[in-house]
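S.K.: My structure is stored as start11.txt, with compact mmCIF, C-alpha atoms.
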```
# COMPACT_ATOMS: atom_id res chain seq x y z
CA MET A 264 -20.75 -12.06 4.31
CA LEU A 265 -19.29 -8.60 4.93
CA ASN A 266 -18.08 -8.27 1.35
CA ASN A 267 -21.53 -7.27 0.06
CA ILE A 268 -22.36 -4.42 2.49
CA GLY A 269 -21.66 -1.51 0.13
CA LEU A 270 -22.19 2.19 0.70
CA PRO A 271 -25.94 2.08 1.53
CA GLY A 272 -25.32 -0.61 4.14
CA LEU A 273 -22.51 1.36 5.73
CA LEU A 274 -24.67 4.48 5.87
CA LEU A 275 -27.49 2.53 7.50
CA ILE A 276 -25.10 1.10 10.10
CA ALA A 277 -23.70 4.59 10.80
CA VAL A 278 -27.21 6.03 11.30
CA VAL A 279 -28.23 3.19 13.64
CA VAL A 280 -25.06 3.60 15.72
CA LEU A 281 -25.61 7.36 15.88
CA VAL A 282 -29.20 6.92 17.04
CA LEU A 283 -28.32 4.29 19.64
CA PHE A 284 -25.30 5.98 21.21
CA GLY A 285 -25.77 9.66 20.43
CA ARG A 286 -23.26 12.13 19.06
CA GLY A 287 -21.62 12.92 22.41
CA LYS A 288 -20.90 9.30 23.27
CA ILE A 289 -19.41 8.60 19.84
CA SER A 290 -17.18 11.68 19.91
CA SER A 291 -15.89 10.83 23.39
CA LEU A 292 -15.27 7.25 22.25
CA MET A 293 -13.30 8.48 19.23
CA GLY A 294 -11.32 10.79 21.52
CA GLU A 295 -10.39 7.82 23.70
CA VAL A 296 -9.40 5.81 20.63
CA GLY A 297 -7.16 8.69 19.51
CA LYS A 298 -5.52 8.87 22.94
CA GLY A 299 -4.95 5.13 22.88
CA ILE A 300 -3.31 5.27 19.45
CA THR A 301 -1.10 8.15 20.58
CA ALA A 302 -0.06 6.28 23.73
CA PHE A 303 0.66 3.15 21.70
CA LYS A 304 2.87 5.05 19.24
CA LYS A 305 4.71 6.73 22.12
CA GLY A 306 5.29 3.37 23.78
CA VAL A 307 6.62 1.85 20.56
CA ASN A 308 8.97 4.80 20.03
CA ASP A 309 10.20 4.64 23.64
CA GLY A 310 10.76 0.89 23.39
CA THR A 311 12.66 1.26 20.12
CA LYS A 312 14.82 4.03 21.60
CA GLU A 313 15.53 1.92 24.68
CA LEU A 314 16.54 -1.06 22.56
CA GLU A 315 18.83 1.12 20.44
CA ASP A 316 20.44 2.59 23.56
CA ASN A 317 21.00 -0.88 25.02
CA ALA A 318 22.45 -2.12 21.74
CA GLN A 319 24.78 0.88 21.57
CA ALA A 320 26.05 0.20 25.10
CA ALA A 321 26.47 -3.53 24.47
CA ARG A 322 28.34 -3.31 21.17
CA ASP A 323 31.91 -3.31 22.45
CA VAL A 324 32.70 -4.15 26.03
CA THR A 325 36.27 -5.26 25.46
CA PRO A 326 38.72 -3.31 27.62
CA GLU A 327 41.18 -1.11 25.75
CA GLU A 328 44.11 -3.18 27.04
CA GLU A 329 42.68 -6.32 25.44
CA LYS A 330 42.15 -4.52 22.14
CA GLU A 331 45.77 -3.38 22.07
CA LYS A 332 46.99 -6.95 22.77
CA ASP A 333 44.91 -8.29 19.89
CA LYS A 334 46.32 -5.70 17.50
CA ALA A 335 49.96 -6.57 18.35
```
Translate the structure described by the file into structure tokens.
M.R.:
Amino acid sequence: MLNNIGLPGLLLIAVVVLVLFGRGKISSLMGEVGKGITAFKKGVNDGTKELEDNAQAARDVTPEEEKEKDKA
């Protein structure tokens, strides 16, 4: 159904949305979408960093004394 919209259909939809909501409402909505994307990316980066930090701390918890016994 949506495969046959084409450029004229998209332009018509854009004009109807612009008339219904107005330029100010659309620009504020796009601003909010941009803020949401930025917050999402920041959250993903923070989560990845936290997981890497936890993995770094959990890699080797064997006491040095135990390591030396295993080597001998």
S.K.: Let me make sure I understand: among A:Ala302, A:Ala277, A:Leu270, A:Val307, which one has the smallest atom-to-atom distance to Ile289 (chain A) if we use all atoms listed in the file?
M.R.: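 Between A:Ala302, A:Ala277, A:Leu270, A:Val307, the residue approaching Ile289 (chain A) most closely is A:Ala277.
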S.K.: Report, in Å to a single decimal, how far apart CA of Leu281 (chain A) and CA of Asn266 (chain A) are.
M.R.: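 Between these atoms lies a distance of 22.6 Å.
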S.K.: Just to confirm, what's the straight-line distance from CA of Ile276 (chain A) to CA of Ser290 (chain A) in Å (one decimal)?
M.R.: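 CA of Ile276 (chain A) sits 16.5 Å away from CA of Ser290 (chain A).
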S.K.: Can you spit out region 268-334 of chain A with C-alpha atoms, as a short mmCIF file (atom, residue, chain, number, x, y, z; two decimals), in the first residue's frame, from the structure just given?
M.R.:
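The new file selection-v9.cif reads:
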```
data_model
loop_
_atom_site.label_atom_id
_atom_site.label_comp_id
_atom_site.auth_asym_id
_atom_site.auth_seq_id
_atom_site.Cartn_x
_atom_site.Cartn_y
_atom_site.Cartn_z
CA ILE A 268 3.13 6.85 -2.78
CA GLY A 269 5.91 8.45 -4.83
CA LEU A 270 7.17 12.02 -4.75
CA PRO A 271 3.84 13.78 -5.50
CA GLY A 272 2.14 11.85 -2.70
CA LEU A 273 4.87 12.71 -0.23
CA LEU A 274 4.66 16.38 -1.17
CA LEU A 275 0.89 16.35 -0.70
CA ILE A 276 1.26 14.72 2.72
CA ALA A 277 3.90 17.30 3.72
CA VAL A 278 1.65 20.20 2.67
CA VAL A 279 -1.35 18.79 4.56
CA VAL A 280 0.73 18.28 7.72
CA LEU A 281 2.13 21.80 7.42
CA VAL A 282 -1.34 23.29 7.05
CA LEU A 283 -2.80 21.29 9.94
CA PHE A 284 -0.04 21.82 12.49
CA GLY A 285 1.69 25.00 11.36
CA ARG A 286 5.38 25.69 10.97
CA GLY A 287 6.02 26.50 14.64
CA LYS A 288 4.50 23.27 15.95
CA ILE A 289 6.45 21.14 13.46
CA SER A 290 9.77 22.85 14.24
CA SER A 291 9.25 22.42 17.99
CA LEU A 292 8.32 18.78 17.42
CA MET A 293 11.49 18.21 15.38
CA GLY A 294 13.50 19.91 18.13
CA GLU A 295 12.06 17.49 20.68
CA VAL A 296 12.83 14.55 18.39
CA GLY A 297 16.43 15.77 18.11
CA LYS A 298 16.73 16.07 21.89
CA GLY A 299 15.34 12.58 22.29
CA ILE A 300 17.82 11.12 19.82
CA THR A 301 20.69 12.92 21.57
CA ALA A 302 19.56 11.64 24.97
CA PHE A 303 19.22 8.11 23.60
CA LYS A 304 22.74 8.16 22.13
CA LYS A 305 24.14 9.53 25.40
CA GLY A 306 22.38 6.79 27.36
CA VAL A 307 23.71 4.09 25.05
CA ASN A 308 27.26 5.47 25.34
CA ASP A 309 27.00 5.70 29.13
CA GLY A 310 25.65 2.16 29.36
CA THR A 311 28.42 0.82 27.13
CA LYS A 312 31.06 2.63 29.18
CA GLU A 313 29.58 1.28 32.41
CA LEU A 314 29.58 -2.27 31.06
CA GLU A 315 33.19 -1.93 29.92
CA ASP A 316 34.22 -0.58 33.33
CA ASN A 317 32.45 -3.45 35.10
CA ALA A 318 34.05 -5.99 32.77
CA GLN A 319 37.48 -4.46 33.37
CA ALA A 320 37.03 -4.71 37.15
CA ALA A 321 35.69 -8.28 36.97
CA ARG A 322 38.36 -9.74 34.70
CA ASP A 323 40.81 -10.99 37.31
CA VAL A 324 39.87 -11.15 40.95
CA THR A 325 42.37 -13.82 41.94
CA PRO A 326 44.62 -12.67 44.78
CA GLU A 327 48.30 -12.32 43.94
CA GLU A 328 49.20 -15.07 46.42
CA GLU A 329 46.98 -17.55 44.58
CA LYS A 330 48.53 -16.60 41.24
CA GLU A 331 52.02 -17.22 42.57
CA LYS A 332 50.99 -20.66 43.93
CA ASP A 333 49.57 -21.63 40.54
CA LYS A 334 52.78 -20.61 38.77
#
```
